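S.K.: My structure is stored as start_21.pdb, with PDB, C-alpha atoms.
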ATOM      1  CA  MET A   1    -195.262-120.099 227.552  1.00  0.00           C
ATOM      2  CA  ALA A   2    -197.654-117.683 229.242  1.00  0.00           C
ATOM      3  CA  ARG A   3    -198.843-115.554 226.353  1.00  0.00           C
ATOM      4  CA  THR A   4    -200.339-112.126 226.908  1.00  0.00           C
ATOM      5  CA  PRO A   5    -204.057-112.363 226.055  1.00  0.00           C
ATOM      6  CA  ILE A   6    -205.474-109.474 224.042  1.00  0.00           C
ATOM      7  CA  THR A   7    -208.751-108.556 225.712  1.00  0.00           C
ATOM      8  CA  ALA A   8    -209.415-105.054 224.375  1.00  0.00           C
ATOM      9  CA  PRO A   9    -208.314-104.419 220.783  1.00  0.00           C
ATOM     10  CA  THR A  10    -208.460-100.887 219.412  1.00  0.00           C
ATOM     11  CA  ILE A  11    -211.639-100.258 217.413  1.00  0.00           C
ATOM     12  CA  PRO A  12    -211.230 -97.423 214.891  1.00  0.00           C
ATOM     13  CA  THR A  13    -214.033 -94.909 214.374  1.00  0.00           C
ATOM     14  CA  THR A  14    -214.705 -92.188 211.824  1.00  0.00           C
ATOM     15  CA  ALA A  15    -214.079 -89.653 214.603  1.00  0.00           C
ATOM     16  CA  GLY A  16    -210.531 -90.949 215.039  1.00  0.00           C
ATOM     17  CA  THR A  17    -209.206 -93.313 217.665  1.00  0.00           C
ATOM     18  CA  ALA A  18    -206.109 -92.864 219.791  1.00  0.00           C
ATOM     19  CA  VAL A  19    -203.548 -95.606 219.339  1.00  0.00           C
ATOM     20  CA  THR A  20    -201.604 -96.786 222.357  1.00  0.00           C
ATOM     21  CA  PRO A  21    -198.972 -99.339 221.334  1.00  0.00           C
ATOM     22  CA  ALA A  22    -197.802-101.843 223.943  1.00  0.00           C
ATOM     23  CA  ALA A  23    -194.326-103.268 224.438  1.00  0.00           C
ATOM     24  CA  ALA A  24    -193.975-106.706 222.858  1.00  0.00           C
ATOM     25  CA  PRO A  25    -193.894-109.408 225.560  1.00  0.00           C
ATOM     26  CA  VAL A  26    -191.191-112.089 225.614  1.00  0.00           C
ATOM     27  CA  ASP A  27    -193.777-114.897 225.749  1.00  0.00           C
ATOM     28  CA  GLY A  28    -195.850-113.672 222.777  1.00  0.00           C
ATOM     29  CA  ILE A  29    -199.515-112.731 222.501  1.00  0.00           C
ATOM     30  CA  ALA A  30    -202.849-114.518 222.008  1.00  0.00           C
ATOM     31  CA  ILE A  31    -205.372-112.654 219.841  1.00  0.00           C
ATOM     32  CA  PRO A  32    -208.940-114.041 219.975  1.00  0.00           C
ATOM     33  CA  ASN A  33    -209.704-114.865 216.343  1.00  0.00           C
ATOM     34  CA  ASN A  34    -212.909-113.453 214.900  1.00  0.00           C
ATOM     35  CA  GLY A  35    -211.615-112.756 211.386  1.00  0.00           C
ATOM     36  CA  ARG A  36    -211.742-108.966 211.909  1.00  0.00           C
ATOM     37  CA  ARG A  37    -208.549-108.331 213.864  1.00  0.00           C
ATOM     38  CA  ALA A  38    -205.156-107.229 212.620  1.00  0.00           C
ATOM     39  CA  LEU A  39    -201.792-106.690 214.277  1.00  0.00           C
ATOM     40  CA  ARG A  40    -199.396-103.801 213.711  1.00  0.00           C
ATOM     41  CA  VAL A  41    -195.801-104.435 214.774  1.00  0.00           C
ATOM     42  CA  THR A  42    -193.232-101.631 214.933  1.00  0.00           C
ATOM     43  CA  ASN A  43    -189.585-102.539 215.315  1.00  0.00           C
ATOM     44  CA  GLY A  44    -187.826 -99.534 216.809  1.00  0.00           C
ATOM     45  CA  GLY A  45    -184.634-101.505 217.325  1.00  0.00           C
ATOM     46  CA  GLY A  46    -181.442-101.553 215.313  1.00  0.00           C
ATOM     47  CA  THR A  47    -181.749-105.124 213.973  1.00  0.00           C
ATOM     48  CA  SER A  48    -184.412-107.145 212.200  1.00  0.00           C
ATOM     49  CA  ILE A  49    -186.808-109.347 214.190  1.00  0.00           C
ATOM     50  CA  ASN A  50    -189.161-112.145 213.154  1.00  0.00           C
ATOM     51  CA  VAL A  51    -192.877-112.271 213.897  1.00  0.00           C
ATOM     52  CA  THR A  52    -194.198-115.843 213.890  1.00  0.00           C
ATOM     53  CA  GLU A  53    -197.872-116.585 213.226  1.00  0.00           C
ATOM     54  CA  LYS A  54    -198.614-120.072 214.590  1.00  0.00           C
ATOM     55  CA  PHE A  55    -200.942-122.319 212.601  1.00  0.00           C
ATOM     56  CA  GLY A  56    -203.663-124.096 214.569  1.00  0.00           C
ATOM     57  CA  PRO A  57    -204.252-127.847 214.554  1.00  0.00           C
ATOM     58  CA  ALA A  58    -206.905-127.584 211.812  1.00  0.00           C
ATOM     59  CA  ALA A  59    -204.374-126.215 209.292  1.00  0.00           C
ATOM     60  CA  GLN A  60    -203.650-128.896 206.713  1.00  0.00           C
ATOM     61  CA  VAL A  61    -202.278-128.989 203.179  1.00  0.00           C
ATOM     62  CA  ASP A  62    -202.845-132.402 201.598  1.00  0.00           C
ATOM     63  CA  GLY A  63    -203.064-133.895 205.100  1.00  0.00           C
ATOM     64  CA  VAL A  64    -199.826-132.283 206.291  1.00  0.00           C
ATOM     65  CA  ALA A  65    -199.614-129.520 208.915  1.00  0.00           C
ATOM     66  CA  PRO A  66    -197.766-126.500 207.477  1.00  0.00           C
ATOM     67  CA  ALA A  67    -194.799-124.872 209.190  1.00  0.00           C
ATOM     68  CA  ASP A  68    -195.629-121.744 211.169  1.00  0.00           C
ATOM     69  CA  ARG A  69    -195.255-118.513 209.202  1.00  0.00           C
ATOM     70  CA  SER A  70    -192.292-116.351 210.197  1.00  0.00           C
ATOM     71  CA  VAL A  71    -192.031-112.849 208.720  1.00  0.00           C
ATOM     72  CA  ALA A  72    -189.115-110.457 209.132  1.00  0.00           C
ATOM     73  CA  VAL A  73    -189.710-106.915 210.349  1.00  0.00           C
ATOM     74  CA  ALA A  74    -186.657-104.826 209.489  1.00  0.00           C
ATOM     75  CA  ALA A  75    -185.047-102.385 211.893  1.00  0.00           C
ATOM     76  CA  ALA A  76    -187.030 -99.135 212.136  1.00  0.00           C
ATOM     77  CA  ALA A  77    -189.919-100.667 210.153  1.00  0.00           C
ATOM     78  CA  THR A  78    -193.624-101.321 210.721  1.00  0.00           C
ATOM     79  CA  LYS A  79    -195.654-104.234 209.331  1.00  0.00           C
ATOM     80  CA  TRP A  80    -199.313-105.245 209.516  1.00  0.00           C
ATOM     81  CA  PHE A  81    -200.461-108.858 209.992  1.00  0.00           C
ATOM     82  CA  GLY A  82    -203.917-110.442 209.658  1.00  0.00           C
ATOM     83  CA  PRO A  83    -206.811-110.748 209.644  1.00  0.00           C
ATOM     84  CA  TRP A  84    -206.464-114.508 210.059  1.00  0.00           C
ATOM     85  CA  GLY A  85    -208.603-117.372 208.819  1.00  0.00           C
ATOM     86  CA  GLY A  86    -209.624-120.369 210.896  1.00  0.00           C
ATOM     87  CA  GLU A  87    -206.423-122.246 210.045  1.00  0.00           C
ATOM     88  CA  TYR A  88    -204.611-120.022 212.581  1.00  0.00           C
ATOM     89  CA  THR A  89    -207.089-120.616 215.416  1.00  0.00           C
ATOM     90  CA  GLN A  90    -205.639-122.587 218.328  1.00  0.00           C
ATOM     91  CA  ALA A  91    -207.778-125.366 219.788  1.00  0.00           C
ATOM     92  CA  ASP A  92    -207.008-124.530 223.431  1.00  0.00           C
ATOM     93  CA  ASP A  93    -208.195-120.916 223.510  1.00  0.00           C
ATOM     94  CA  GLY A  94    -209.598-119.936 220.070  1.00  0.00           C
ATOM     95  CA  SER A  95    -206.810-117.397 219.595  1.00  0.00           C
ATOM     96  CA  VAL A  96    -204.107-116.690 217.060  1.00  0.00           C
ATOM     97  CA  HIS A  97    -200.727-117.137 218.732  1.00  0.00           C
ATOM     98  CA  ILE A  98    -197.994-114.661 217.800  1.00  0.00           C
ATOM     99  CA  ASP A  99    -194.328-114.890 218.819  1.00  0.00           C
ATOM    100  CA  PHE A 100    -191.601-112.247 218.576  1.00  0.00           C
ATOM    101  CA  SER A 101    -187.947-113.240 218.082  1.00  0.00           C
ATOM    102  CA  GLY A 102    -186.872-110.049 219.832  1.00  0.00           C
ATOM    103  CA  VAL A 103    -188.754-107.556 221.972  1.00  0.00           C
ATOM    104  CA  THR A 104    -186.294-104.733 222.635  1.00  0.00           C
ATOM    105  CA  SER A 105    -187.840-101.531 221.234  1.00  0.00           C
ATOM    106  CA  VAL A 106    -190.672-103.558 219.629  1.00  0.00           C
ATOM    107  CA  THR A 107    -194.284-102.430 220.069  1.00  0.00           C
ATOM    108  CA  TYR A 108    -197.601-103.769 218.839  1.00  0.00           C
ATOM    109  CA  GLU A 109    -201.239-102.773 218.549  1.00  0.00           C
ATOM    110  CA  VAL A 110    -204.213-105.041 217.838  1.00  0.00           C
ATOM    111  CA  VAL A 111    -207.003-103.412 215.852  1.00  0.00           C
ATOM    112  CA  GLU A 112    -210.501-104.758 215.216  1.00  0.00           C
ATOM    113  CA  PHE A 113    -212.327-103.666 212.092  1.00  0.00           C
ATOM    114  CA  ASN A 114    -216.116-103.701 212.329  1.00  0.00           C
ATOM    115  CA  ALA A 115    -217.591-103.357 208.854  1.00  0.00           C
ATOM    116  CA  LYS A 116    -220.987-101.660 208.895  1.00  0.00           C
TER
END
Any chance you could put this one into structure tokens?
M.R.:
Amino acid sequence: MARTPITAPTIPTTAGTAVTPAAAPVDGIAIPNNGRRALRVTNGGGTSINVTEKFGPAAQVDGVAPADRSVAVAAAATKWFGPWGGEYTQADDGSVHIDFSGVTSVTYEVVEFNAK
């Protein structure tokens, strides 16, 4: 799977920041994990989709790797995901990997919050 790497998340400011959602890619996205990023997914389609947050290899519960987290986003709904802890960080690229079960009329925006 060739995920879309997120290289320039939106950084909100007190002056207001324009939001430009992108179309969800079939192969998912890779969000570099710094603990300050969040994902907004809007499902503009007529049926529910699932957003899957993939656990990294360091995620363990009593020595067992947990199943990836899959969350439904209803038709015509918006949900926020993140920020993510280190258990979601992938060993190969240091990113959080996100998959979409459907991409028709689905958009996303990655936002980075910089606490001052």
S.K.: What's the separation between atom CA of A:Ala22 and atom CA of A:Glu109, in Å to one decimal place?
M.R.: 6.5 Å
S.K.: Translate the PyMOL selection byres ((chain A and resi 68) around 8), as applied to the file shown, into an explicit residue set as a VMD selection string.
M.R.: chain A and resid 52 to 55 66 to 67 69 to 70
S.K.: Please identify all polymer residues within 8 Å of stretch 79-90 of chain A, counting all atoms listed in the file, omitting same-chain residues fewer than 5 positions from it, and present them as a list in words.
M.R.: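 Here the answer would be Asn33, Gly35, Arg36, Arg37, Ala38, Leu39, Arg40, Val41, Thr42, Glu53, Lys54, Phe55, Gly56, Pro57, Ala58, Ala59, Gln60, Val73, Ser95, Val96 and His97 of chain A.
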S.K.: Using the selection just defined, write its residues with C-alpha atoms as a PDB file, keeping the file's coordinate frame.
M.R.:
ATOM      1  CA  ASN A  33    -209.704-114.865 216.343  1.00  0.00           C
ATOM      2  CA  GLY A  35    -211.615-112.756 211.386  1.00  0.00           C
ATOM      3  CA  ARG A  36    -211.742-108.966 211.909  1.00  0.00           C
ATOM      4  CA  ARG A  37    -208.549-108.331 213.864  1.00  0.00           C
ATOM      5  CA  ALA A  38    -205.156-107.229 212.620  1.00  0.00           C
ATOM      6  CA  LEU A  39    -201.792-106.690 214.277  1.00  0.00           C
ATOM      7  CA  ARG A  40    -199.396-103.801 213.711  1.00  0.00           C
ATOM      8  CA  VAL A  41    -195.801-104.435 214.774  1.00  0.00           C
ATOM      9  CA  THR A  42    -193.232-101.631 214.933  1.00  0.00           C
ATOM     10  CA  GLU A  53    -197.872-116.585 213.226  1.00  0.00           C
ATOM     11  CA  LYS A  54    -198.614-120.072 214.590  1.00  0.00           C
ATOM     12  CA  PHE A  55    -200.942-122.319 212.601  1.00  0.00           C
ATOM     13  CA  GLY A  56    -203.663-124.096 214.569  1.00  0.00           C
ATOM     14  CA  PRO A  57    -204.252-127.847 214.554  1.00  0.00           C
ATOM     15  CA  ALA A  58    -206.905-127.584 211.812  1.00  0.00           C
ATOM     16  CA  ALA A  59    -204.374-126.215 209.292  1.00  0.00           C
ATOM     17  CA  GLN A  60    -203.650-128.896 206.713  1.00  0.00           C
ATOM     18  CA  VAL A  73    -189.710-106.915 210.349  1.00  0.00           C
ATOM     19  CA  SER A  95    -206.810-117.397 219.595  1.00  0.00           C
ATOM     20  CA  VAL A  96    -204.107-116.690 217.060  1.00  0.00           C
ATOM     21  CA  HIS A  97    -200.727-117.137 218.732  1.00  0.00           C
TER      22      HIS A  97
END
S.K.: So what do you get for atom CA of A:Thr10 versus atom CA of A:Ser48, distance-wise?
M.R.: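 So the two atoms, atom CA of A:Thr10 and atom CA of A:Ser48, lie 25.9 Å apart.
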S.K.: Please indicate the distance in Å from atom CA of A:Ile6 to atom CA of A:Val71, rounded to one decimal place.
M.R.: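 It comes out at 20.7 Å.
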S.K.: Within 9 Å of A:Pro5, counting only C-alpha atoms, which residues show up once you throw out same-chain ones fewer than 4 positions away? Write them as a PyMOL selection string, please.
M.R.: chain A and resi 28-32+95
S.K.: Using all atoms listed in the file, can you list as a tab-separated table (two decimals) with C-alpha atoms, keeping the file's coordinate frame the residues within 12 Å of (-186.9, -102.8, 211.3)?
M.R.:
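Here's the written file out.tsv:
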chain	number	residue	atom	x	y	z
A	41	VAL	CA	-195.80	-104.44	214.77
A	42	THR	CA	-193.23	-101.63	214.93
A	43	ASN	CA	-189.58	-102.54	215.32
A	44	GLY	CA	-187.83	-99.53	216.81
A	45	GLY	CA	-184.63	-101.50	217.32
A	46	GLY	CA	-181.44	-101.55	215.31
A	47	THR	CA	-181.75	-105.12	213.97
A	48	SER	CA	-184.41	-107.14	212.20
A	49	ILE	CA	-186.81	-109.35	214.19
A	50	ASN	CA	-189.16	-112.14	213.15
A	51	VAL	CA	-192.88	-112.27	213.90
A	71	VAL	CA	-192.03	-112.85	208.72
A	72	ALA	CA	-189.12	-110.46	209.13
A	73	VAL	CA	-189.71	-106.92	210.35
A	74	ALA	CA	-186.66	-104.83	209.49
A	75	ALA	CA	-185.05	-102.38	211.89
A	76	ALA	CA	-187.03	-99.14	212.14
A	77	ALA	CA	-189.92	-100.67	210.15
A	78	THR	CA	-193.62	-101.32	210.72
A	79	LYS	CA	-195.65	-104.23	209.33
A	102	GLY	CA	-186.87	-110.05	219.83
A	103	VAL	CA	-188.75	-107.56	221.97
A	104	THR	CA	-186.29	-104.73	222.64
A	105	SER	CA	-187.84	-101.53	221.23
A	106	VAL	CA	-190.67	-103.56	219.63
A	107	THR	CA	-194.28	-102.43	220.07
S.K.: Using all atoms listed in the file, can you tell me which of A:Asp99, A:Asp62, A:Glu112, A:Asp93 comes closest to A:Thr13?
M.R.: A:Glu112
S.K.: Output, as JSON, the centre and edge lengths in Å (one decimal) of the axis-aligned box that contains all listed atoms of stretch 29-42 of chain A with 8 Å of margin on each side.
M.R.:
{"center_x": -203.1, "center_y": -108.2, "center_z": 216.9, "size_x": 35.7, "size_y": 29.2, "size_z": 27.1}
S.K.: Quick one: of A:Asp92, A:Ser101, A:Thr7, A:Val64, who's nearest to A:Pro25, counting only C-alpha atoms?
M.R.: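 Closest residue, counting only C-alpha atoms: A:Ser101.
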S.K.: Rank A:Asn114, A:Asn34, A:Tyr108, A:Arg3 by their smallest atom-to-atom distance to A:Pro21, using all atoms listed in the file, and report the top residue only.
M.R.: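 Of A:Asn114, A:Asn34, A:Tyr108, A:Arg3, the one nearest A:Pro21, counting all atoms listed in the file, is A:Tyr108.
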S.K.: With only C-alpha atoms as the atoms that count, which of A:Ala18, A:Ala91, A:Ala65, A:Ile98 lies nearest to A:Thr4?
M.R.: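 Among A:Ala18, A:Ala91, A:Ala65, A:Ile98, it is A:Ile98 that comes nearest to A:Thr4.
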S.K.: Please evaluate the PyMOL selection byres ((chain A and resi 14) around 12) against the displayed coordinates and give the resulting residues as a PyMOL selection string.
M.R.: chain A and resi 11-13+15-18+113-116
S.K.: Using the block above, I'd like stretch 71-105 of chain A written out, keeping N, CA, C and O atoms and formatting it as a PDB file, in the first residue's frame.
M.R.:
ATOM      1  N   VAL A  71     -13.228   2.688  13.653  1.00  0.00           N
ATOM      2  CA  VAL A  71     -14.301   3.542  14.163  1.00  0.00           C
ATOM      3  C   VAL A  71     -15.211   3.947  13.005  1.00  0.00           C
ATOM      4  O   VAL A  71     -14.731   4.410  11.962  1.00  0.00           O
ATOM      5  N   ALA A  72     -16.508   3.774  13.198  1.00  0.00           N
ATOM      6  CA  ALA A  72     -17.467   4.141  12.158  1.00  0.00           C
ATOM      7  C   ALA A  72     -17.664   5.656  12.115  1.00  0.00           C
ATOM      8  O   ALA A  72     -17.707   6.319  13.147  1.00  0.00           O
ATOM      9  N   VAL A  73     -17.768   6.169  10.894  1.00  0.00           N
ATOM     10  CA  VAL A  73     -18.160   7.557  10.663  1.00  0.00           C
ATOM     11  C   VAL A  73     -19.437   7.476   9.836  1.00  0.00           C
ATOM     12  O   VAL A  73     -19.421   7.036   8.682  1.00  0.00           O
ATOM     13  N   ALA A  74     -20.542   7.868  10.445  1.00  0.00           N
ATOM     14  CA  ALA A  74     -21.852   7.756   9.795  1.00  0.00           C
ATOM     15  C   ALA A  74     -21.930   8.640   8.557  1.00  0.00           C
ATOM     16  O   ALA A  74     -21.163   9.588   8.382  1.00  0.00           O
ATOM     17  N   ALA A  75     -22.897   8.342   7.711  1.00  0.00           N
ATOM     18  CA  ALA A  75     -23.162   9.173   6.538  1.00  0.00           C
ATOM     19  C   ALA A  75     -23.449  10.595   6.989  1.00  0.00           C
ATOM     20  O   ALA A  75     -24.109  10.818   8.003  1.00  0.00           O
ATOM     21  N   ALA A  76     -22.899  11.557   6.274  1.00  0.00           N
ATOM     22  CA  ALA A  76     -23.098  12.987   6.536  1.00  0.00           C
ATOM     23  C   ALA A  76     -22.610  13.402   7.923  1.00  0.00           C
ATOM     24  O   ALA A  76     -23.130  14.343   8.510  1.00  0.00           O
ATOM     25  N   ALA A  77     -21.595  12.715   8.441  1.00  0.00           N
ATOM     26  CA  ALA A  77     -21.063  13.025   9.775  1.00  0.00           C
ATOM     27  C   ALA A  77     -19.581  13.378   9.702  1.00  0.00           C
ATOM     28  O   ALA A  77     -18.899  13.074   8.723  1.00  0.00           O
ATOM     29  N   THR A  78     -19.104  14.027  10.768  1.00  0.00           N
ATOM     30  CA  THR A  78     -17.691  14.374  10.907  1.00  0.00           C
ATOM     31  C   THR A  78     -17.208  13.854  12.249  1.00  0.00           C
ATOM     32  O   THR A  78     -17.911  13.979  13.252  1.00  0.00           O
ATOM     33  N   LYS A  79     -16.002  13.267  12.270  1.00  0.00           N
ATOM     34  CA  LYS A  79     -15.386  12.822  13.518  1.00  0.00           C
ATOM     35  C   LYS A  79     -13.931  13.265  13.552  1.00  0.00           C
ATOM     36  O   LYS A  79     -13.271  13.369  12.525  1.00  0.00           O
ATOM     37  N   TRP A  80     -13.457  13.501  14.787  1.00  0.00           N
ATOM     38  CA  TRP A  80     -12.049  13.820  15.039  1.00  0.00           C
ATOM     39  C   TRP A  80     -11.354  12.594  15.609  1.00  0.00           C
ATOM     40  O   TRP A  80     -11.949  11.851  16.394  1.00  0.00           O
ATOM     41  N   PHE A  81     -10.068  12.414  15.251  1.00  0.00           N
ATOM     42  CA  PHE A  81      -9.246  11.323  15.750  1.00  0.00           C
ATOM     43  C   PHE A  81      -7.917  11.897  16.231  1.00  0.00           C
ATOM     44  O   PHE A  81      -7.419  12.867  15.662  1.00  0.00           O
ATOM     45  N   GLY A  82      -7.314  11.273  17.253  1.00  0.00           N
ATOM     46  CA  GLY A  82      -6.023  11.696  17.757  1.00  0.00           C
ATOM     47  C   GLY A  82      -6.174  12.713  18.869  1.00  0.00           C
ATOM     48  O   GLY A  82      -7.293  13.004  19.288  1.00  0.00           O
ATOM     49  N   PRO A  83      -5.070  13.270  19.338  1.00  0.00           N
ATOM     50  CA  PRO A  83      -3.690  12.900  19.013  1.00  0.00           C
ATOM     51  C   PRO A  83      -3.378  11.481  19.496  1.00  0.00           C
ATOM     52  O   PRO A  83      -4.072  10.934  20.350  1.00  0.00           O
ATOM     53  N   TRP A  84      -2.322  10.901  18.947  1.00  0.00           N
ATOM     54  CA  TRP A  84      -1.977   9.514  19.191  1.00  0.00           C
ATOM     55  C   TRP A  84      -0.724   9.393  20.043  1.00  0.00           C
ATOM     56  O   TRP A  84       0.213  10.166  19.890  1.00  0.00           O
ATOM     57  N   GLY A  85      -0.729   8.389  20.913  1.00  0.00           N
ATOM     58  CA  GLY A  85       0.455   8.067  21.704  1.00  0.00           C
ATOM     59  C   GLY A  85       1.422   7.224  20.888  1.00  0.00           C
ATOM     60  O   GLY A  85       1.155   6.843  19.739  1.00  0.00           O
ATOM     61  N   GLY A  86       2.542   6.895  21.492  1.00  0.00           N
ATOM     62  CA  GLY A  86       3.583   6.125  20.818  1.00  0.00           C
ATOM     63  C   GLY A  86       3.168   4.734  20.380  1.00  0.00           C
ATOM     64  O   GLY A  86       3.773   4.162  19.477  1.00  0.00           O
ATOM     65  N   GLU A  87       2.116   4.189  20.987  1.00  0.00           N
ATOM     66  CA  GLU A  87       1.671   2.838  20.611  1.00  0.00           C
ATOM     67  C   GLU A  87       1.136   2.783  19.177  1.00  0.00           C
ATOM     68  O   GLU A  87       1.008   1.709  18.603  1.00  0.00           O
ATOM     69  N   TYR A  88       0.839   3.932  18.581  1.00  0.00           N
ATOM     70  CA  TYR A  88       0.369   3.973  17.193  1.00  0.00           C
ATOM     71  C   TYR A  88       1.506   4.224  16.193  1.00  0.00           C
ATOM     72  O   TYR A  88       1.298   4.151  14.993  1.00  0.00           O
ATOM     73  N   THR A  89       2.688   4.538  16.677  1.00  0.00           N
ATOM     74  CA  THR A  89       3.795   4.879  15.786  1.00  0.00           C
ATOM     75  C   THR A  89       4.335   3.634  15.083  1.00  0.00           C
ATOM     76  O   THR A  89       4.686   2.648  15.725  1.00  0.00           O
ATOM     77  N   GLN A  90       4.417   3.721  13.762  1.00  0.00           N
ATOM     78  CA  GLN A  90       4.934   2.610  12.954  1.00  0.00           C
ATOM     79  C   GLN A  90       6.459   2.649  12.929  1.00  0.00           C
ATOM     80  O   GLN A  90       7.054   3.724  12.857  1.00  0.00           O
ATOM     81  N   ALA A  91       7.070   1.484  12.981  1.00  0.00           N
ATOM     82  CA  ALA A  91       8.529   1.388  13.037  1.00  0.00           C
ATOM     83  C   ALA A  91       9.190   1.845  11.737  1.00  0.00           C
ATOM     84  O   ALA A  91      10.286   2.405  11.754  1.00  0.00           O
ATOM     85  N   ASP A  92       8.532   1.641  10.595  1.00  0.00           N
ATOM     86  CA  ASP A  92       9.172   1.920   9.314  1.00  0.00           C
ATOM     87  C   ASP A  92       9.299   3.409   8.997  1.00  0.00           C
ATOM     88  O   ASP A  92      10.265   3.829   8.370  1.00  0.00           O
ATOM     89  N   ASP A  93       8.323   4.221   9.446  1.00  0.00           N
ATOM     90  CA  ASP A  93       8.386   5.634   9.065  1.00  0.00           C
ATOM     91  C   ASP A  93       8.027   6.608  10.190  1.00  0.00           C
ATOM     92  O   ASP A  93       7.973   7.807   9.967  1.00  0.00           O
ATOM     93  N   GLY A  94       7.759   6.116  11.403  1.00  0.00           N
ATOM     94  CA  GLY A  94       7.448   6.997  12.534  1.00  0.00           C
ATOM     95  C   GLY A  94       6.096   7.670  12.434  1.00  0.00           C
ATOM     96  O   GLY A  94       5.831   8.652  13.121  1.00  0.00           O
ATOM     97  N   SER A  95       5.221   7.135  11.574  1.00  0.00           N
ATOM     98  CA  SER A  95       3.915   7.738  11.347  1.00  0.00           C
ATOM     99  C   SER A  95       2.795   6.899  11.943  1.00  0.00           C
ATOM    100  O   SER A  95       2.967   5.722  12.237  1.00  0.00           O
ATOM    101  N   VAL A  96       1.640   7.539  12.076  1.00  0.00           N
ATOM    102  CA  VAL A  96       0.399   6.833  12.373  1.00  0.00           C
ATOM    103  C   VAL A  96      -0.233   6.502  11.024  1.00  0.00           C
ATOM    104  O   VAL A  96      -0.369   7.383  10.168  1.00  0.00           O
ATOM    105  N   HIS A  97      -0.586   5.238  10.829  1.00  0.00           N
ATOM    106  CA  HIS A  97      -1.204   4.826   9.574  1.00  0.00           C
ATOM    107  C   HIS A  97      -2.716   4.768   9.739  1.00  0.00           C
ATOM    108  O   HIS A  97      -3.225   4.145  10.668  1.00  0.00           O
ATOM    109  N   ILE A  98      -3.413   5.432   8.814  1.00  0.00           N
ATOM    110  CA  ILE A  98      -4.869   5.517   8.831  1.00  0.00           C
ATOM    111  C   ILE A  98      -5.402   4.948   7.522  1.00  0.00           C
ATOM    112  O   ILE A  98      -4.914   5.297   6.444  1.00  0.00           O
ATOM    113  N   ASP A  99      -6.415   4.074   7.636  1.00  0.00           N
ATOM    114  CA  ASP A  99      -7.084   3.516   6.459  1.00  0.00           C
ATOM    115  C   ASP A  99      -8.545   3.945   6.456  1.00  0.00           C
ATOM    116  O   ASP A  99      -9.150   4.134   7.520  1.00  0.00           O
ATOM    117  N   PHE A 100      -9.112   4.055   5.257  1.00  0.00           N
ATOM    118  CA  PHE A 100     -10.518   4.392   5.071  1.00  0.00           C
ATOM    119  C   PHE A 100     -11.188   3.230   4.347  1.00  0.00           C
ATOM    120  O   PHE A 100     -10.684   2.777   3.321  1.00  0.00           O
ATOM    121  N   SER A 101     -12.334   2.766   4.854  1.00  0.00           N
ATOM    122  CA  SER A 101     -13.034   1.657   4.197  1.00  0.00           C
ATOM    123  C   SER A 101     -13.738   2.097   2.922  1.00  0.00           C
ATOM    124  O   SER A 101     -14.062   1.272   2.075  1.00  0.00           O
ATOM    125  N   GLY A 102     -13.985   3.376   2.804  1.00  0.00           N
ATOM    126  CA  GLY A 102     -14.588   3.953   1.606  1.00  0.00           C
ATOM    127  C   GLY A 102     -14.061   5.364   1.447  1.00  0.00           C
ATOM    128  O   GLY A 102     -13.732   6.013   2.442  1.00  0.00           O
ATOM    129  N   VAL A 103     -13.952   5.835   0.219  1.00  0.00           N
ATOM    130  CA  VAL A 103     -13.394   7.170   0.007  1.00  0.00           C
ATOM    131  C   VAL A 103     -14.303   8.089  -0.810  1.00  0.00           C
ATOM    132  O   VAL A 103     -14.019   9.270  -0.934  1.00  0.00           O
ATOM    133  N   THR A 104     -15.401   7.568  -1.321  1.00  0.00           N
ATOM    134  CA  THR A 104     -16.307   8.387  -2.114  1.00  0.00           C
ATOM    135  C   THR A 104     -16.951   9.445  -1.225  1.00  0.00           C
ATOM    136  O   THR A 104     -17.572   9.114  -0.214  1.00  0.00           O
ATOM    137  N   SER A 105     -16.746  10.694  -1.560  1.00  0.00           N
ATOM    138  CA  SER A 105     -17.285  11.846  -0.817  1.00  0.00           C
ATOM    139  C   SER A 105     -16.721  11.950   0.603  1.00  0.00           C
ATOM    140  O   SER A 105     -17.346  12.545   1.477  1.00  0.00           O
TER     141      SER A 105
END
